[in-house]
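Here is the structure we will look at, set down as structure tokens.
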Amino acid sequence: MRLVFAGTPVAAVPSLDALLASGHEVAAVVTRPDAPAGRGLHLAPSPVAQRAADAGLEVLKPARPRDPEFLDRLRQIAPGCCPVTAYGALIPQQALDIPEHGWVNLHFSLLPAWRGAAPVQHALLHGDDITGATTFQIVAALDAGPVYGVVTEQVRPGDTAGDLLDRLAESGARLLVATIDGIESGELVARPQPEDGVSLAPKITPDDARVRWDEPAAAVSRRVRACTPAPGAWTELHGARIKLWPFAGVVDDAGVPPGPGQFRVLAGDVLVGTGSQPVRLGDVQPPGKRRMPAAEWARGLRLDDAAAVLG
């Protein structure tokens with residue numbers, strides 16, 4: 001089948017690679033416009049744009065998918081289907097109507113759970129044991145179209161959002177190719193999503209990534225892992241923001257435990273109190289400094305910091 005693939009971040013590259021290795025023809029790629037990146041904030045192509053250029057594909061970067069020039073070019077290419085992975089913009093009805101088999105999205109959740117921009121982060125934040133990926137027909141309503149197929153994935157105890165997304169990007173890419181195969185053969189029919197079990201996964205904001213030390217240790221840990229690598233979990237000491245990476249563990253026996261946000265430095269460990277057991281900090285990054293182990297950070301603290309509370 002003749003395809004136009006739409007995607008933008010690193011997580012979409014395995015889908016493009018899988019489609020290129022399949023028996024289908026990827027005629028062009030649609031991605032978001034170049035964006036500032038790096039220390040110099042110079043404009044840079046998206047990971048999908050770079051991979052497509054390396055493969056010699058035509059790359060379309062409309063400012064808006066409803067732009068007439070883009071719609072005209074899509075009609076000229078005349079794809080049979082437009083597979084999508086993490087494109088990052090809503091597809092207007094004018095574009096949805098162009099390919100014979102519509103636009104088929106790979107979404108990183110088991111729909112109807114976690115519709116929205118951050119399904120992997122919300123699965124971790126809410127303590128899901130099982131998640132997965134879903135292929136579905138794009139319709140006007142957010143992630144509400146009929147489903148072609150699913151693949152499941154166990155959430156591992158130490159998973160960050162980055163870890164889990166890496167695995168789903170690979171298994172989801174295989175699911176996307178299988179879905180396009182089934183659509184082309186006519187053997188695969190999309191089924192409506194259940195009306196029950198709908199949950200929403202809006203984009204994680206910096207405020208969402210701020211650690212709430214009065215939450216139980218398990219919830220605090222989930223928040224940090226859900227926000228790693230982006231936007232990055234954080235806390236404050238004396239008004240200065242400190243970035244946090246996943247904890248080194250939960251302490252079951254710490255004597256008299258520190259209160260929520262209070263920290264204690266013990267023999268190379270930095271313990272911080274939560275709403276239940278204390279946690280052992282992993283790596284941290286103070287303002288203007290590099291990422292470092294918490295014990296190294298603690299050696300540079302002033303004596304009066306011991307009475308301070310993280311918040």
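Every chain in the structure tokens has a letter given in the order shown (A, B, ...), and although residue numbers restart at 1 in each chain, ligands are simply numbered from 1 in the order shown.
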
*Considering only C-alpha atoms, return as an MDAnalysis selection string whatever protein or nucleic-acid residues lie within 9 Å of Ile98 (chain A), sequence-local ones (same chain, fewer than 6 positions apart) excluded.*
chainID A and resid 71 74:75 78:81

Write out, as a PDB file, in the first residue's frame, the residues just selected, with C-alpha atoms.
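Final file, result15.pdb:
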ATOM      1  CA  LEU A  71      -3.542  19.332   1.569  1.00  0.00           C
ATOM      2  CA  LEU A  74      -1.213  15.109   0.037  1.00  0.00           C
ATOM      3  CA  ARG A  75      -3.861  14.744  -2.664  1.00  0.00           C
ATOM      4  CA  ALA A  78      -2.596   9.975  -3.133  1.00  0.00           C
ATOM      5  CA  PRO A  79      -1.747   7.638  -0.246  1.00  0.00           C
ATOM      6  CA  GLY A  80      -3.960   4.642   0.440  1.00  0.00           C
ATOM      7  CA  CYS A  81      -3.453   5.172   4.172  1.00  0.00           C
TER       8      CYS A  81
END

*Hey, what's within 12 Å of Gln93 (chain A) if we count only C-alpha atoms and toss same-chain stuff fewer than 2 positions away? As a list in words, please?*
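So, after excluding close chain neighbours, the residues are Pro65, Arg66, Leu71, Leu90, Ile91, Ala95, Leu96, Asp97, Ile98, Pro99, Gly102, Trp103, Ile138, Val139, Ala140 and Ala141 of chain A.
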
File dump, residues just selected, N, CA, C and O atoms, as a compact mmCIF listing (two decimals), in the first residue's frame:
# COMPACT_ATOMS: atom_id res chain seq x y z
N PRO A 65 -1.67 21.31 9.71
CA PRO A 65 -2.09 20.30 8.73
C PRO A 65 -3.30 20.71 7.89
O PRO A 65 -3.64 19.99 6.95
N ARG A 66 -3.90 21.85 8.20
CA ARG A 66 -5.02 22.33 7.38
C ARG A 66 -4.54 23.31 6.31
O ARG A 66 -5.34 23.84 5.54
N LEU A 71 -2.43 20.18 2.01
CA LEU A 71 -3.54 19.33 1.57
C LEU A 71 -3.45 19.04 0.07
O LEU A 71 -3.70 17.90 -0.36
N LEU A 90 -3.36 17.99 15.69
CA LEU A 90 -4.64 17.42 15.32
C LEU A 90 -4.79 17.40 13.80
O LEU A 90 -4.43 18.37 13.12
N ILE A 91 -5.32 16.31 13.27
CA ILE A 91 -5.50 16.17 11.84
C ILE A 91 -6.90 16.65 11.47
O ILE A 91 -7.89 16.13 11.98
N ALA A 95 -8.00 16.60 5.75
CA ALA A 95 -6.89 15.67 5.55
C ALA A 95 -7.32 14.23 5.81
O ALA A 95 -6.89 13.30 5.10
N LEU A 96 -8.17 14.02 6.82
CA LEU A 96 -8.63 12.66 7.12
C LEU A 96 -9.35 12.03 5.93
O LEU A 96 -9.30 10.81 5.74
N ASP A 97 -9.99 12.87 5.12
CA ASP A 97 -10.80 12.36 4.02
C ASP A 97 -9.98 11.98 2.78
O ASP A 97 -10.52 11.36 1.86
N ILE A 98 -8.70 12.34 2.75
CA ILE A 98 -7.93 12.14 1.51
C ILE A 98 -7.57 10.67 1.26
O ILE A 98 -7.87 10.15 0.18
N PRO A 99 -6.93 9.96 2.18
CA PRO A 99 -6.58 8.56 1.87
C PRO A 99 -7.81 7.65 1.93
O PRO A 99 -8.72 7.84 2.75
N GLY A 102 -8.06 6.19 5.33
CA GLY A 102 -7.98 7.13 6.43
C GLY A 102 -6.60 7.18 7.08
O GLY A 102 -5.59 6.79 6.49
N TRP A 103 -6.58 7.69 8.28
CA TRP A 103 -5.35 7.84 9.08
C TRP A 103 -5.43 6.86 10.25
O TRP A 103 -6.43 6.83 10.98
N ILE A 138 -8.29 7.26 13.15
CA ILE A 138 -8.44 8.62 13.68
C ILE A 138 -9.78 9.21 13.25
O ILE A 138 -10.16 9.14 12.08
N VAL A 139 -10.48 9.77 14.24
CA VAL A 139 -11.73 10.51 14.02
C VAL A 139 -11.58 11.88 14.65
O VAL A 139 -10.55 12.19 15.25
N ALA A 140 -12.62 12.70 14.53
CA ALA A 140 -12.53 14.07 15.04
C ALA A 140 -12.33 14.11 16.55
O ALA A 140 -11.58 14.95 17.07
N ALA A 141 -12.96 13.22 17.32
CA ALA A 141 -12.83 13.21 18.78
C ALA A 141 -11.46 12.66 19.18
O ALA A 141 -10.90 11.78 18.52

Rows by chain and residue number, region 114-158 of chain A within 10 Å of region 170-174 of chain A, shortest pair, only C-alpha atoms, as a tab-separated table:
residue	atom	partner	partner_atom	distance
A:Gly132	CA	A:Gly172	CA	8.1
A:Ala133	CA	A:Gly172	CA	5.8
A:Thr134	CA	A:Gly172	CA	7.6
A:Thr135	CA	A:Gly172	CA	8.3
A:Gly149	CA	A:Gly172	CA	10.0
A:Val150	CA	A:Gly172	CA	8.4
A:Val151	CA	A:Gly172	CA	7.0
A:Thr152	CA	A:Ser171	CA	8.8
A:Glu153	CA	A:Ser171	CA	8.7

Filtering to N, CA, C and O atoms, could you give me those residues as a PDB file, in the first residue's frame?
ATOM      1  N   GLY A 132       0.159  -0.720  27.328  1.00  0.00           N
ATOM      2  CA  GLY A 132       0.338  -1.281  25.997  1.00  0.00           C
ATOM      3  C   GLY A 132       0.222  -0.215  24.931  1.00  0.00           C
ATOM      4  O   GLY A 132       0.434   0.981  25.183  1.00  0.00           O
ATOM      5  N   ALA A 133      -0.090  -0.654  23.726  1.00  0.00           N
ATOM      6  CA  ALA A 133      -0.258   0.248  22.591  1.00  0.00           C
ATOM      7  C   ALA A 133      -1.467  -0.203  21.788  1.00  0.00           C
ATOM      8  O   ALA A 133      -1.804  -1.397  21.776  1.00  0.00           O
ATOM      9  N   THR A 134      -2.092   0.749  21.114  1.00  0.00           N
ATOM     10  CA  THR A 134      -3.321   0.509  20.362  1.00  0.00           C
ATOM     11  C   THR A 134      -3.219   1.167  18.994  1.00  0.00           C
ATOM     12  O   THR A 134      -2.726   2.290  18.883  1.00  0.00           O
ATOM     13  N   THR A 135      -3.669   0.468  17.958  1.00  0.00           N
ATOM     14  CA  THR A 135      -3.848   1.108  16.654  1.00  0.00           C
ATOM     15  C   THR A 135      -5.338   1.350  16.442  1.00  0.00           C
ATOM     16  O   THR A 135      -6.157   0.468  16.713  1.00  0.00           O
ATOM     17  N   GLY A 149      -6.120  -2.964  16.650  1.00  0.00           N
ATOM     18  CA  GLY A 149      -5.340  -3.976  17.365  1.00  0.00           C
ATOM     19  C   GLY A 149      -4.666  -3.400  18.589  1.00  0.00           C
ATOM     20  O   GLY A 149      -4.544  -2.175  18.740  1.00  0.00           O
ATOM     21  N   VAL A 150      -4.224  -4.294  19.476  1.00  0.00           N
ATOM     22  CA  VAL A 150      -3.525  -3.877  20.693  1.00  0.00           C
ATOM     23  C   VAL A 150      -2.341  -4.805  20.941  1.00  0.00           C
ATOM     24  O   VAL A 150      -2.309  -5.942  20.467  1.00  0.00           O
ATOM     25  N   VAL A 151      -1.385  -4.289  21.696  1.00  0.00           N
ATOM     26  CA  VAL A 151      -0.295  -5.095  22.225  1.00  0.00           C
ATOM     27  C   VAL A 151      -0.120  -4.671  23.679  1.00  0.00           C
ATOM     28  O   VAL A 151      -0.248  -3.485  24.002  1.00  0.00           O
ATOM     29  N   THR A 152       0.114  -5.622  24.573  1.00  0.00           N
ATOM     30  CA  THR A 152       0.226  -5.294  25.991  1.00  0.00           C
ATOM     31  C   THR A 152       1.685  -5.303  26.429  1.00  0.00           C
ATOM     32  O   THR A 152       2.546  -5.926  25.810  1.00  0.00           O
ATOM     33  N   GLU A 153       1.943  -4.602  27.529  1.00  0.00           N
ATOM     34  CA  GLU A 153       3.300  -4.491  28.070  1.00  0.00           C
ATOM     35  C   GLU A 153       3.236  -4.416  29.590  1.00  0.00           C
ATOM     36  O   GLU A 153       2.479  -3.624  30.148  1.00  0.00           O
TER      37      GLU A 153
END

*Which of A:Ala240, A:Val147, A:Val198, A:Ala267 sits closest to Ile183 (chain A) [using only C-alpha atoms]*: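 For Ile183 (chain A), the nearest of the candidates is A:Val147.
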
*Could you tell me, as a VMD selection string, which residues of region 51-289 of chain A DSSP assigns to strand (DSSP E) when given the backbone?*
chain A and resid 58 to 60 82 to 85 103 to 107 130 to 137 147 to 154 233 to 237 240 to 244 249 to 250 263 to 266 269 to 272 279 to 280 283 to 285

*Point-to-point distance in Å for CA of Ala144 (chain A) and CA of Ala6 (chain A)*: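 We find that CA of Ala6 (chain A) and CA of Ala144 (chain A) lie 18.4 Å from each other.
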
_I'd like to know which residues of region 97-164 of chain A are alpha helix (DSSP H) (by DSSP, run on the backbone); could you write them as a PyMOL selection string?_
chain A and resi 119-125+161-164

Dump of all heavy atoms for the selected residues, as a PDB file, in the first residue's frame:
ATOM      1  N   PRO A 119       0.155   9.404  27.614  1.00  0.00           N
ATOM      2  CA  PRO A 119      -0.392   8.162  28.162  1.00  0.00           C
ATOM      3  C   PRO A 119       0.605   7.353  28.982  1.00  0.00           C
ATOM      4  O   PRO A 119       0.233   6.759  30.002  1.00  0.00           O
ATOM      5  CB  PRO A 119      -0.821   7.388  26.909  1.00  0.00           C
ATOM      6  CG  PRO A 119       0.028   7.945  25.807  1.00  0.00           C
ATOM      7  CD  PRO A 119       0.199   9.395  26.143  1.00  0.00           C
ATOM      8  N   VAL A 120       1.859   7.315  28.570  1.00  0.00           N
ATOM      9  CA  VAL A 120       2.855   6.524  29.298  1.00  0.00           C
ATOM     10  C   VAL A 120       3.105   7.136  30.677  1.00  0.00           C
ATOM     11  O   VAL A 120       3.157   6.431  31.693  1.00  0.00           O
ATOM     12  CB  VAL A 120       4.151   6.430  28.484  1.00  0.00           C
ATOM     13  CG1 VAL A 120       5.251   5.748  29.284  1.00  0.00           C
ATOM     14  CG2 VAL A 120       3.901   5.664  27.186  1.00  0.00           C
ATOM     15  N   GLN A 121       3.248   8.452  30.730  1.00  0.00           N
ATOM     16  CA  GLN A 121       3.489   9.116  32.009  1.00  0.00           C
ATOM     17  C   GLN A 121       2.330   8.898  32.969  1.00  0.00           C
ATOM     18  O   GLN A 121       2.532   8.640  34.164  1.00  0.00           O
ATOM     19  CB  GLN A 121       3.723  10.608  31.794  1.00  0.00           C
ATOM     20  CG  GLN A 121       5.024  10.940  31.073  1.00  0.00           C
ATOM     21  CD  GLN A 121       4.847  11.061  29.574  1.00  0.00           C
ATOM     22  OE1 GLN A 121       4.006  10.393  28.966  1.00  0.00           O
ATOM     23  NE2 GLN A 121       5.650  11.924  28.946  1.00  0.00           N
ATOM     24  N   HIS A 122       1.105   8.979  32.469  1.00  0.00           N
ATOM     25  CA  HIS A 122      -0.047   8.819  33.362  1.00  0.00           C
ATOM     26  C   HIS A 122      -0.205   7.363  33.814  1.00  0.00           C
ATOM     27  O   HIS A 122      -0.647   7.109  34.940  1.00  0.00           O
ATOM     28  CB  HIS A 122      -1.314   9.326  32.686  1.00  0.00           C
ATOM     29  CG  HIS A 122      -1.451  10.814  32.743  1.00  0.00           C
ATOM     30  ND1 HIS A 122      -2.037  11.469  33.800  1.00  0.00           N
ATOM     31  CD2 HIS A 122      -1.046  11.785  31.887  1.00  0.00           C
ATOM     32  CE1 HIS A 122      -2.004  12.773  33.595  1.00  0.00           C
ATOM     33  NE2 HIS A 122      -1.403  12.995  32.435  1.00  0.00           N
ATOM     34  N   ALA A 123       0.138   6.408  32.966  1.00  0.00           N
ATOM     35  CA  ALA A 123       0.094   5.008  33.392  1.00  0.00           C
ATOM     36  C   ALA A 123       1.025   4.777  34.571  1.00  0.00           C
ATOM     37  O   ALA A 123       0.668   4.095  35.546  1.00  0.00           O
ATOM     38  CB  ALA A 123       0.461   4.095  32.225  1.00  0.00           C
ATOM     39  N   LEU A 124       2.228   5.356  34.523  1.00  0.00           N
ATOM     40  CA  LEU A 124       3.170   5.220  35.637  1.00  0.00           C
ATOM     41  C   LEU A 124       2.711   6.014  36.853  1.00  0.00           C
ATOM     42  O   LEU A 124       2.755   5.522  37.979  1.00  0.00           O
ATOM     43  CB  LEU A 124       4.554   5.701  35.208  1.00  0.00           C
ATOM     44  CG  LEU A 124       5.356   4.763  34.311  1.00  0.00           C
ATOM     45  CD1 LEU A 124       6.634   5.444  33.838  1.00  0.00           C
ATOM     46  CD2 LEU A 124       5.698   3.470  35.039  1.00  0.00           C
ATOM     47  N   LEU A 125       2.266   7.228  36.621  1.00  0.00           N
ATOM     48  CA  LEU A 125       1.847   8.094  37.725  1.00  0.00           C
ATOM     49  C   LEU A 125       0.727   7.464  38.539  1.00  0.00           C
ATOM     50  O   LEU A 125       0.664   7.607  39.763  1.00  0.00           O
ATOM     51  CB  LEU A 125       1.402   9.444  37.160  1.00  0.00           C
ATOM     52  CG  LEU A 125       1.133  10.583  38.127  1.00  0.00           C
ATOM     53  CD1 LEU A 125       2.384  10.932  38.906  1.00  0.00           C
ATOM     54  CD2 LEU A 125       0.621  11.804  37.380  1.00  0.00           C
ATOM     55  N   ALA A 161       9.353   6.682  32.533  1.00  0.00           N
ATOM     56  CA  ALA A 161       8.552   6.896  31.326  1.00  0.00           C
ATOM     57  C   ALA A 161       9.392   6.635  30.081  1.00  0.00           C
ATOM     58  O   ALA A 161       8.906   6.089  29.088  1.00  0.00           O
ATOM     59  CB  ALA A 161       7.997   8.313  31.310  1.00  0.00           C
ATOM     60  N   GLY A 162      10.667   6.993  30.135  1.00  0.00           N
ATOM     61  CA  GLY A 162      11.547   6.755  29.001  1.00  0.00           C
ATOM     62  C   GLY A 162      11.748   5.273  28.729  1.00  0.00           C
ATOM     63  O   GLY A 162      11.718   4.833  27.572  1.00  0.00           O
ATOM     64  N   ASP A 163      11.960   4.485  29.795  1.00  0.00           N
ATOM     65  CA  ASP A 163      12.141   3.036  29.640  1.00  0.00           C
ATOM     66  C   ASP A 163      10.914   2.400  29.001  1.00  0.00           C
ATOM     67  O   ASP A 163      11.016   1.611  28.051  1.00  0.00           O
ATOM     68  CB  ASP A 163      12.371   2.370  31.005  1.00  0.00           C
ATOM     69  CG  ASP A 163      13.628   2.843  31.700  1.00  0.00           C
ATOM     70  OD1 ASP A 163      14.595   3.216  31.007  1.00  0.00           O
ATOM     71  OD2 ASP A 163      13.635   2.843  32.950  1.00  0.00           O
ATOM     72  N   LEU A 164       9.764   2.723  29.543  1.00  0.00           N
ATOM     73  CA  LEU A 164       8.524   2.112  29.088  1.00  0.00           C
ATOM     74  C   LEU A 164       8.198   2.533  27.660  1.00  0.00           C
ATOM     75  O   LEU A 164       7.786   1.709  26.828  1.00  0.00           O
ATOM     76  CB  LEU A 164       7.397   2.506  30.043  1.00  0.00           C
ATOM     77  CG  LEU A 164       6.032   1.844  29.855  1.00  0.00           C
ATOM     78  CD1 LEU A 164       6.137   0.332  29.796  1.00  0.00           C
ATOM     79  CD2 LEU A 164       5.086   2.269  30.984  1.00  0.00           C
TER      80      LEU A 164
END

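Rounded to one decimal, CA of Thr131 (chain A) and CA of Leu168 (chain A) lie 9.1 Å from each other.
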
*asked:* From the options A:Gly145, A:Gly158, A:Gly116, A:Pro83, which residue's atoms come nearest to Phe5 (chain A), counting only C-alpha atoms?
replied: A:Pro83

_From the options A:Gly88, A:Gly7, A:Gly259, A:Pro194, which residue's atoms come nearest to Gln277 (chain A), counting only C-alpha atoms?_
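Of all the options, A:Gly259 lies closest to Gln277 (chain A).
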
*Between A:Lys243, A:Leu188, A:Asp207, A:Asn105, which is the closest to Arg291 (chain A) once you count only C-alpha atoms?*
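The shortest atom-to-atom distance to Arg291 (chain A) comes from A:Lys243.
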